Amino acid sequence: MVDGQDTASGAASEGDAALPLRPSRVWEPMVRTEARPDGSLLVTQDGALPDYPKRLTERLLHWVERAPDRILFAQRPATGAKGWDTISYGEMAGRIEAVGQALLDSPASPERPVMILSGNSLDHATLALAAMHVGVPYAPISPAYSLVSRDFAKLQGIAADLTPGVVYAGDGAAFGAAIAAILPQDATLVLGRGEVAGLRSVAFASLLGTAPTGAVAVAHEAVTAETAAKILFTSGSTGSPKGVIQTHGMLAANQAMVADCYRFLEDEPPVLVDWAPWNHTAAGNKVFNLTFWHGGSYYIDEGKPTPAGMDETCRNLKEVSPSWYFNVPKGYEELCRRFEADDALRRSFFRDLKMMMYAGAGMAQHTWDALEAHALETLGYRVRLVSGLGSTETGPFALAGTDPQPQAGNIGIPAREVTLKLVPSAGRLEARLKSPSITPGYWRRPDLTAAVFDEEGFYRLGDALRFAEEGRAEKGFLFDGRVAENFKLGTGTWVAVGPLRAALVDHFGAAIRDAVIAGEGQDEIGALGLADIAECRRLVGAGAAGLGDEELLGHPDLRDHLAAGLAAFAAKATGSATRVTRLVLIDTPPSIDRGEITDKGSLNQRAVLANRPELVAALYDDRDPRLIRG
């Protein structure tokens, strides 16, 4: 590695791939790596971003002028009728004016944000854009905190921090108990439909009838790059989730980075079919904003990446062919299963597709291979299948990959104007970031804000990275685990939890949905496995008939299958740090209230280990009947 070395990324080297790739314009970056005297490394791209607007909704207004009749958002009718309810760019402009005025007339303000309790919808989109347009921040909250939680503790903590001036929910009946638990006395309650017993509310439809005044334009002109656009709350493993401030300038810079990387978005307006929740940064920032930044159309998918939820997703994908598609690995796995039996679905999905993006977890190699095979069968060439790395605090776009890859895992290189600092830590490289799309801090938590930035102002991402090819930053990076999750065995050997967890789940295919890695201070690594009940029933076959879930998990045929898989995984290990020899299945569903599972559906390692000491003990008790040995 050479100080100040410039190296061209392979992002445009499509001819090097063994199989043809569907054309799609992407960046051609020049990557610079600087080795510093303290042992840290700085990785950047040469060049600056083109000029871009600093108020997020300016790009929306740009497309209102140029394509007023184009669909901006679409959603299936609540009545279950065929077709789509739609809002065009021109219609959204009128809705923003009306709802923006209603917000200016309400208790909402920069210090009293709009709190949105329910999920993705046309009303949610309207309220979000109107709030940002007039300088009132909004906070989309995970619906699970209202609908799944039993004690509303996380929701109450969020409301206490946020002090909302307006609280919105799509359905008064469904969200009534949660609303009653958190609504401030002087806040305005807005409902899409229904009522909440004992509480006064305003129908969302009435906001659309508000007559706008000149105050809307005045409020919009007062918005600056430093104005808070929204507040996103992290999943929160313990206590109340943290509110991450998202400014207009931060989100606009992030979209400028996306546009620089995915240049094909400038060639034709994107079409998106997306289920991912807007209370998360991936869909709520990147995908939501990407749509109107490029004059695209966003079809709200009310399906989910589960065997049952995929019916609705497949219905939508048969009618609307996306040009850019985002999903979690589990969603892609379910799609591949459907492609095997539904040629019409496969053809519609790939027809206009320029890029597939995955995030949220590591993708199993069998899913990667299946996606490439289906693309080749349908089109005669591959479609870019990419990932990246970021967080709520980074907008999220920070690192991105565009190079054709033979396997999953490469998260790419820093986006333009992002500086990646790699700091040696316990034999690995801790990632820190600085860019115009980094949050200024946490809502009303200066203590947390101070702790998350280092002495040079770099945001501590909390992840470790490693070079995809040693010393060649232009070839991208691989995720090397969460710094706080890693531990030492009794021998002093460090265990990198993130990559090991991903490899173990990948090895077991669909049988194990997720895993928690244990073994701190022990001689061997063990894992607590979260089984996929449907797949386990398939593996057991006829013997699973009539069995409850607990009986199924103890079935000898399933245990033998898992033991054989564990032995095969251990046999591939390169040493004690990658050899898992013990497995216990998690016997009761993980709890969102206890922080064991995030609303994204992934297990929280530390919370599960802390809350289930009896299962950890079972891992290291050779007499325990729950223990599976490899």
# chains A, B, ... in the order shown; residues from 1 in each chain; ligands from 1
call {"tool": "residues_around", "arguments": {"residues": "range 73-76 of chain A", "least_positions_apart": "5", "cutoff": "12 Å", "atoms": "only C-alpha atoms", "output": "VMD selection string"}}
result
chain A and resid 81 to 92 120 to 126 129 271 to 275 288 to 289 291 to 292 295 to 303 312 to 313 315 to 316 319 to 320
call {"tool": "residues_around", "arguments": {"residues": "range 352-358 of chain A", "least_positions_apart": "6", "cutoff": "7 Å", "atoms": "only C-alpha atoms", "output": "MDAnalysis selection string"}}
result
chainID A and resid 22 24 321:329 383:387
call {"tool": "write_last_selection", "arguments": {"atoms": "C-alpha atoms", "output": "tab-separated table (two decimals), in the first residue's frame"}}
result
chain	number	residue	atom	x	y	z
A	22	ARG	CA	-27.26	-5.91	-18.43
A	24	SER	CA	-26.64	0.21	-16.63
A	321	SER	CA	-42.04	-4.31	-13.31
A	322	PRO	CA	-39.46	-2.47	-11.20
A	323	SER	CA	-36.36	-0.89	-12.70
A	324	TRP	CA	-34.53	-0.74	-9.34
A	325	TYR	CA	-35.37	-3.19	-6.58
A	326	PHE	CA	-34.48	-3.34	-2.90
A	327	ASN	CA	-35.10	-6.21	-0.49
A	328	VAL	CA	-33.58	-8.05	2.42
A	329	PRO	CA	-31.91	-11.42	1.67
A	383	VAL	CA	-28.48	-7.91	-13.53
A	384	ARG	CA	-26.28	-5.97	-11.13
A	385	LEU	CA	-26.70	-7.45	-7.65
A	386	VAL	CA	-25.16	-5.09	-5.13
A	387	SER	CA	-24.98	-4.12	-1.50
call {"tool": "atom_distance", "arguments": {"atom1": "CA of Ala450 in chain A", "atom2": "CA of His133 in chain A"}}
result
29.5 Å
call {"tool": "select_by_dssp", "arguments": {"residues": "range 223-412 of chain A", "states": "strand (DSSP E or B)", "output": "ChimeraX atom specification"}}
result
/A:228-233,243-247,271-274,297-300,324-327,355-358,382,384-386,388-389,399-400,410-412
call {"tool": "residues_around", "arguments": {"residues": "Leu528 in chain A", "least_positions_apart": "2", "cutoff": "10 Å", "atoms": "only C-alpha atoms", "output": "PyMOL selection string"}}
result
chain A and resi 512+514-518+526+530-531+582-587+605+608-609+612+615-616+618-619+627
call {"tool": "closest_residue", "arguments": {"among": "A:Leu399, A:Leu199, A:Leu500, A:Ala570", "to": "Gln45 in chain A", "atoms": "only C-alpha atoms"}}
result
A:Leu399
call {"tool": "closest_atom_pairs", "arguments": {"of": "range 94-187 of chain A", "to": "range 247-262 of chain A", "cutoff": "10 Å", "atoms": "only C-alpha atoms", "output": "tab-separated table"}}
result
residue	atom	partner	partner_atom	distance
A:Met132	CA	A:His248	CA	8.2
A:His133	CA	A:His248	CA	9.9
A:Gly135	CA	A:His248	CA	9.3
A:Pro137	CA	A:Thr247	CA	8.8
call {"tool": "closest_residue", "arguments": {"among": "A:Thr598, A:Phe233, A:Arg626, A:Gly100", "to": "Glu551 in chain A", "atoms": "only C-alpha atoms"}}
result
A:Arg626
call {"tool": "select_by_dssp", "arguments": {"residues": "range 377-575 of chain A", "states": "alpha helix (DSSP H)", "output": "JSON, numbers by chain"}}
result
{"A": [377, 378, 379, 446, 447, 448, 449, 450, 451, 452, 497, 498, 499, 500, 501, 502, 503, 504, 505, 506, 507, 533, 534, 535, 536, 537, 538, 539, 540, 549, 550, 551, 552, 553, 556, 557, 558, 559, 560, 561, 562, 563, 564, 565, 566, 567, 568, 569, 570, 571]}
call {"tool": "write_last_selection", "arguments": {"atoms": "N, CA and C atoms", "output": "compact mmCIF listing (two decimals), in the first residue's frame"}}
result
# COMPACT_ATOMS: atom_id res chain seq x y z
N GLU A 377 -31.64 -16.92 -17.23
CA GLU A 377 -32.69 -17.67 -17.91
C GLU A 377 -33.70 -16.73 -18.56
N THR A 378 -34.00 -15.61 -17.89
CA THR A 378 -35.04 -14.71 -18.37
C THR A 378 -34.54 -13.75 -19.44
N LEU A 379 -33.34 -13.19 -19.22
CA LEU A 379 -32.85 -12.11 -20.07
C LEU A 379 -31.69 -12.49 -20.97
N PRO A 446 -27.27 15.38 23.92
CA PRO A 446 -25.90 15.83 23.64
C PRO A 446 -24.84 14.87 24.17
N ASP A 447 -25.17 14.12 25.22
CA ASP A 447 -24.21 13.16 25.76
C ASP A 447 -23.92 12.05 24.76
N LEU A 448 -24.98 11.52 24.14
CA LEU A 448 -24.80 10.47 23.14
C LEU A 448 -24.12 11.02 21.89
N THR A 449 -24.46 12.25 21.53
CA THR A 449 -23.84 12.87 20.36
C THR A 449 -22.34 13.00 20.54
N ALA A 450 -21.92 13.47 21.70
CA ALA A 450 -20.48 13.64 21.96
C ALA A 450 -19.75 12.31 21.91
N ALA A 451 -20.39 11.25 22.38
CA ALA A 451 -19.71 9.96 22.49
C ALA A 451 -19.53 9.27 21.14
N VAL A 452 -20.37 9.60 20.15
CA VAL A 452 -20.37 8.85 18.90
C VAL A 452 -19.38 9.40 17.87
N VAL A 497 -17.91 -12.09 15.50
CA VAL A 497 -19.26 -12.63 15.55
C VAL A 497 -20.02 -12.44 14.24
N GLY A 498 -19.96 -11.25 13.65
CA GLY A 498 -20.78 -10.95 12.48
C GLY A 498 -20.56 -11.90 11.31
N PRO A 499 -19.32 -12.03 10.83
CA PRO A 499 -19.09 -12.95 9.71
C PRO A 499 -19.39 -14.40 10.05
N LEU A 500 -19.10 -14.82 11.30
CA LEU A 500 -19.35 -16.20 11.69
C LEU A 500 -20.85 -16.48 11.74
N ARG A 501 -21.59 -15.56 12.28
CA ARG A 501 -23.05 -15.70 12.34
C ARG A 501 -23.64 -15.82 10.93
N ALA A 502 -23.19 -14.93 10.02
CA ALA A 502 -23.70 -14.97 8.65
C ALA A 502 -23.35 -16.28 7.96
N ALA A 503 -22.12 -16.75 8.18
CA ALA A 503 -21.68 -18.00 7.54
C ALA A 503 -22.48 -19.20 8.06
N LEU A 504 -22.77 -19.20 9.37
CA LEU A 504 -23.52 -20.31 9.96
C LEU A 504 -24.95 -20.35 9.42
N VAL A 505 -25.60 -19.20 9.39
CA VAL A 505 -26.97 -19.15 8.88
C VAL A 505 -27.01 -19.54 7.41
N ASP A 506 -26.04 -19.06 6.65
CA ASP A 506 -25.95 -19.42 5.23
C ASP A 506 -25.79 -20.93 5.07
N HIS A 507 -24.95 -21.53 5.91
CA HIS A 507 -24.66 -22.97 5.81
C HIS A 507 -25.92 -23.81 6.01
N ILE A 533 -39.76 -22.48 11.30
CA ILE A 533 -40.67 -23.59 11.59
C ILE A 533 -41.18 -24.26 10.32
N ALA A 534 -41.53 -23.48 9.31
CA ALA A 534 -42.05 -24.06 8.07
C ALA A 534 -41.01 -24.95 7.41
N GLU A 535 -39.76 -24.50 7.38
CA GLU A 535 -38.72 -25.32 6.76
C GLU A 535 -38.42 -26.56 7.60
N CYS A 536 -38.48 -26.43 8.92
CA CYS A 536 -38.24 -27.59 9.78
C CYS A 536 -39.33 -28.65 9.57
N ARG A 537 -40.56 -28.21 9.38
CA ARG A 537 -41.64 -29.17 9.10
C ARG A 537 -41.39 -29.87 7.77
N ARG A 538 -40.90 -29.12 6.80
CA ARG A 538 -40.59 -29.73 5.51
C ARG A 538 -39.49 -30.78 5.64
N LEU A 539 -38.48 -30.48 6.45
CA LEU A 539 -37.37 -31.40 6.63
C LEU A 539 -37.80 -32.70 7.33
N VAL A 540 -38.69 -32.56 8.30
CA VAL A 540 -39.15 -33.74 9.04
C VAL A 540 -40.14 -34.55 8.20
N ASP A 549 -44.99 -26.77 17.81
CA ASP A 549 -43.66 -26.25 17.49
C ASP A 549 -42.59 -26.81 18.42
N GLU A 550 -42.90 -26.88 19.72
CA GLU A 550 -41.90 -27.37 20.68
C GLU A 550 -41.55 -28.83 20.41
N GLU A 551 -42.57 -29.64 20.10
CA GLU A 551 -42.32 -31.05 19.78
C GLU A 551 -41.53 -31.18 18.48
N LEU A 552 -41.84 -30.33 17.53
CA LEU A 552 -41.13 -30.36 16.25
C LEU A 552 -39.64 -30.10 16.45
N LEU A 553 -39.31 -29.10 17.26
CA LEU A 553 -37.91 -28.75 17.45
C LEU A 553 -37.13 -29.85 18.15
N PRO A 556 -36.33 -36.22 16.54
CA PRO A 556 -35.02 -36.83 16.27
C PRO A 556 -34.52 -36.59 14.85
N ASP A 557 -35.41 -36.65 13.86
CA ASP A 557 -34.97 -36.44 12.48
C ASP A 557 -34.42 -35.03 12.26
N LEU A 558 -35.08 -34.04 12.87
CA LEU A 558 -34.60 -32.67 12.74
C LEU A 558 -33.26 -32.50 13.46
N ARG A 559 -33.14 -33.06 14.66
CA ARG A 559 -31.90 -32.96 15.42
C ARG A 559 -30.75 -33.64 14.66
N ASP A 560 -31.04 -34.77 14.04
CA ASP A 560 -29.99 -35.45 13.27
C ASP A 560 -29.55 -34.61 12.08
N HIS A 561 -30.51 -33.99 11.42
CA HIS A 561 -30.19 -33.13 10.28
C HIS A 561 -29.32 -31.96 10.72
N LEU A 562 -29.69 -31.32 11.83
CA LEU A 562 -28.92 -30.17 12.31
C LEU A 562 -27.55 -30.59 12.82
N ALA A 563 -27.47 -31.75 13.47
CA ALA A 563 -26.17 -32.24 13.96
C ALA A 563 -25.23 -32.51 12.78
N ALA A 564 -25.75 -33.11 11.72
CA ALA A 564 -24.92 -33.37 10.54
C ALA A 564 -24.46 -32.07 9.90
N GLY A 565 -25.37 -31.09 9.85
CA GLY A 565 -25.00 -29.79 9.29
C GLY A 565 -23.96 -29.09 10.13
N LEU A 566 -24.10 -29.19 11.45
CA LEU A 566 -23.14 -28.56 12.34
C LEU A 566 -21.76 -29.21 12.20
N ALA A 567 -21.73 -30.53 12.07
CA ALA A 567 -20.45 -31.23 11.89
C ALA A 567 -19.79 -30.82 10.58
N ALA A 568 -20.58 -30.67 9.53
CA ALA A 568 -20.02 -30.25 8.24
C ALA A 568 -19.49 -28.83 8.31
N PHE A 569 -20.19 -27.96 9.04
CA PHE A 569 -19.72 -26.58 9.19
C PHE A 569 -18.41 -26.54 9.98
N ALA A 570 -18.35 -27.33 11.06
CA ALA A 570 -17.14 -27.36 11.88
C ALA A 570 -15.96 -27.90 11.09
N ALA A 571 -16.23 -28.84 10.19
CA ALA A 571 -15.14 -29.45 9.42
C ALA A 571 -14.50 -28.45 8.46
call {"tool": "closest_atom_pairs", "arguments": {"of": "range 460-576 of chain A", "to": "range 417-441 of chain A", "cutoff": "6 Å", "atoms": "only C-alpha atoms", "output": "Markdown table"}}
result
| residue | atom | partner | partner_atom | distance |
| --- | --- | --- | --- | --- |
| A:Arg460 | CA | A:Arg432 | CA | 4.7 |
| A:Leu461 | CA | A:Arg432 | CA | 5.4 |
| A:Asp463 | CA | A:Ala431 | CA | 5.8 |
| A:Ala464 | CA | A:Glu430 | CA | 4.3 |
| A:Leu465 | CA | A:Leu429 | CA | 5.6 |
call {"tool": "write_last_selection", "arguments": {"atoms": "C-alpha atoms", "output": "PDB file, in the first residue's frame"}}
result
ATOM      1  CA  ARG A 460     -17.963   5.815  14.937  1.00  0.00           C
ATOM      2  CA  LEU A 461     -19.939   3.354  12.843  1.00  0.00           C
ATOM      3  CA  ASP A 463     -18.494  -1.969  12.427  1.00  0.00           C
ATOM      4  CA  ALA A 464     -15.200  -3.545  11.475  1.00  0.00           C
ATOM      5  CA  LEU A 465     -14.246  -3.967   7.810  1.00  0.00           C
TER       6      LEU A 465
END
call {"tool": "residues_around", "arguments": {"residues": "His294 in chain A", "least_positions_apart": "5", "cutoff": "8 Å", "atoms": "only C-alpha atoms", "output": "count of residues only"}}
result
5
call {"tool": "residues_around", "arguments": {"residues": "range 212-222 of chain A", "least_positions_apart": "4", "cutoff": "10 Å", "atoms": "only C-alpha atoms", "output": "list in words"}}
result
Arg55, Thr57, Glu58, Gly94, Arg95, Ile96, Glu97, Ala98, Val99, Gly100, Gln101, Ala102, Leu103, Leu104, Asp105, Ala130, Ala131, Met132, His133, Val134, Gly135, Val136, Leu208 and Thr227 of chain A
call {"tool": "write_last_selection", "arguments": {"atoms": "C-alpha atoms", "output": "tab-separated table (two decimals), in the first residue's frame"}}
result
chain	number	residue	atom	x	y	z
A	55	ARG	CA	-33.91	21.58	0.66
A	57	THR	CA	-38.56	18.91	-1.47
A	58	GLU	CA	-37.01	21.17	-4.14
A	94	GLY	CA	-51.65	20.44	-3.87
A	95	ARG	CA	-51.79	17.99	-0.97
A	96	ILE	CA	-48.52	19.35	0.42
A	97	GLU	CA	-49.83	22.90	0.31
A	98	ALA	CA	-53.04	21.97	2.15
A	99	VAL	CA	-51.52	19.68	4.77
A	100	GLY	CA	-48.57	22.04	5.20
A	101	GLN	CA	-50.99	24.82	6.10
A	102	ALA	CA	-52.83	22.52	8.50
A	103	LEU	CA	-49.54	21.73	10.25
A	104	LEU	CA	-48.69	25.43	10.54
A	105	ASP	CA	-52.11	25.91	12.18
A	130	ALA	CA	-45.83	18.34	3.82
A	131	ALA	CA	-44.03	18.45	7.15
A	132	MET	CA	-40.60	18.63	5.52
A	133	HIS	CA	-41.82	21.27	3.08
A	134	VAL	CA	-42.81	23.71	5.85
A	135	GLY	CA	-39.87	22.98	8.15
A	136	VAL	CA	-41.60	20.75	10.70
A	208	LEU	CA	-56.58	17.92	2.64
A	227	THR	CA	-33.25	22.38	9.28
call {"tool": "closest_residue", "arguments": {"among": "A:Thr402, A:Leu478, A:Leu41, A:Ile592", "to": "Phe264 in chain A", "atoms": "only C-alpha atoms"}}
result
A:Thr402
call {"tool": "atom_distance", "arguments": {"atom1": "CA of Glu226 in chain A", "atom2": "CA of Leu389 in chain A"}}
result
24.2 Å
call {"tool": "residues_around", "arguments": {"residues": "Phe175 in chain A", "least_positions_apart": "4", "cutoff": "7 Å", "atoms": "only C-alpha atoms", "output": "VMD selection string"}}
result
chain A and resid 146 to 147 169 171 179
call {"tool": "write_last_selection", "arguments": {"atoms": "C-alpha atoms", "output": "PDB file, in the first residue's frame"}}
result
ATOM      1  CA  SER A 146     -47.846   0.047  18.916  1.00  0.00           C
ATOM      2  CA  LEU A 147     -49.207  -3.247  17.581  1.00  0.00           C
ATOM      3  CA  ALA A 169     -52.268   6.851  12.917  1.00  0.00           C
ATOM      4  CA  ASP A 171     -56.533   3.325  12.010  1.00  0.00           C
ATOM      5  CA  ILE A 179     -52.335   6.294  21.334  1.00  0.00           C
TER       6      ILE A 179
END
call {"tool": "closest_residue", "arguments": {"among": "A:Gly554, A:Ala180, A:Ser591, A:Gly194", "to": "Leu603 in chain A", "atoms": "only C-alpha atoms"}}
result
A:Ser591
call {"tool": "closest_residue", "arguments": {"among": "A:Gly80, A:Ser391, A:Asp186, A:Thr367", "to": "His280 in chain A", "atoms": "only C-alpha atoms"}}
result
A:Ser391
call {"tool": "atom_distance", "arguments": {"atom1": "CA of Met310 in chain A", "atom2": "CA of Pro77 in chain A"}}
result
18.1 Å
call {"tool": "closest_residue", "arguments": {"among": "A:Ala197, A:Ala139, A:Ala205, A:Ala341", "to": "Leu232 in chain A", "atoms": "only C-alpha atoms"}}
result
A:Ala139
call {"tool": "residues_around", "arguments": {"residues": "Tyr168 in chain A", "least_positions_apart": "2", "cutoff": "6 Å", "atoms": "only C-alpha atoms", "output": "list in words"}}
result
Ile116, Val190 and Leu191 of chain A
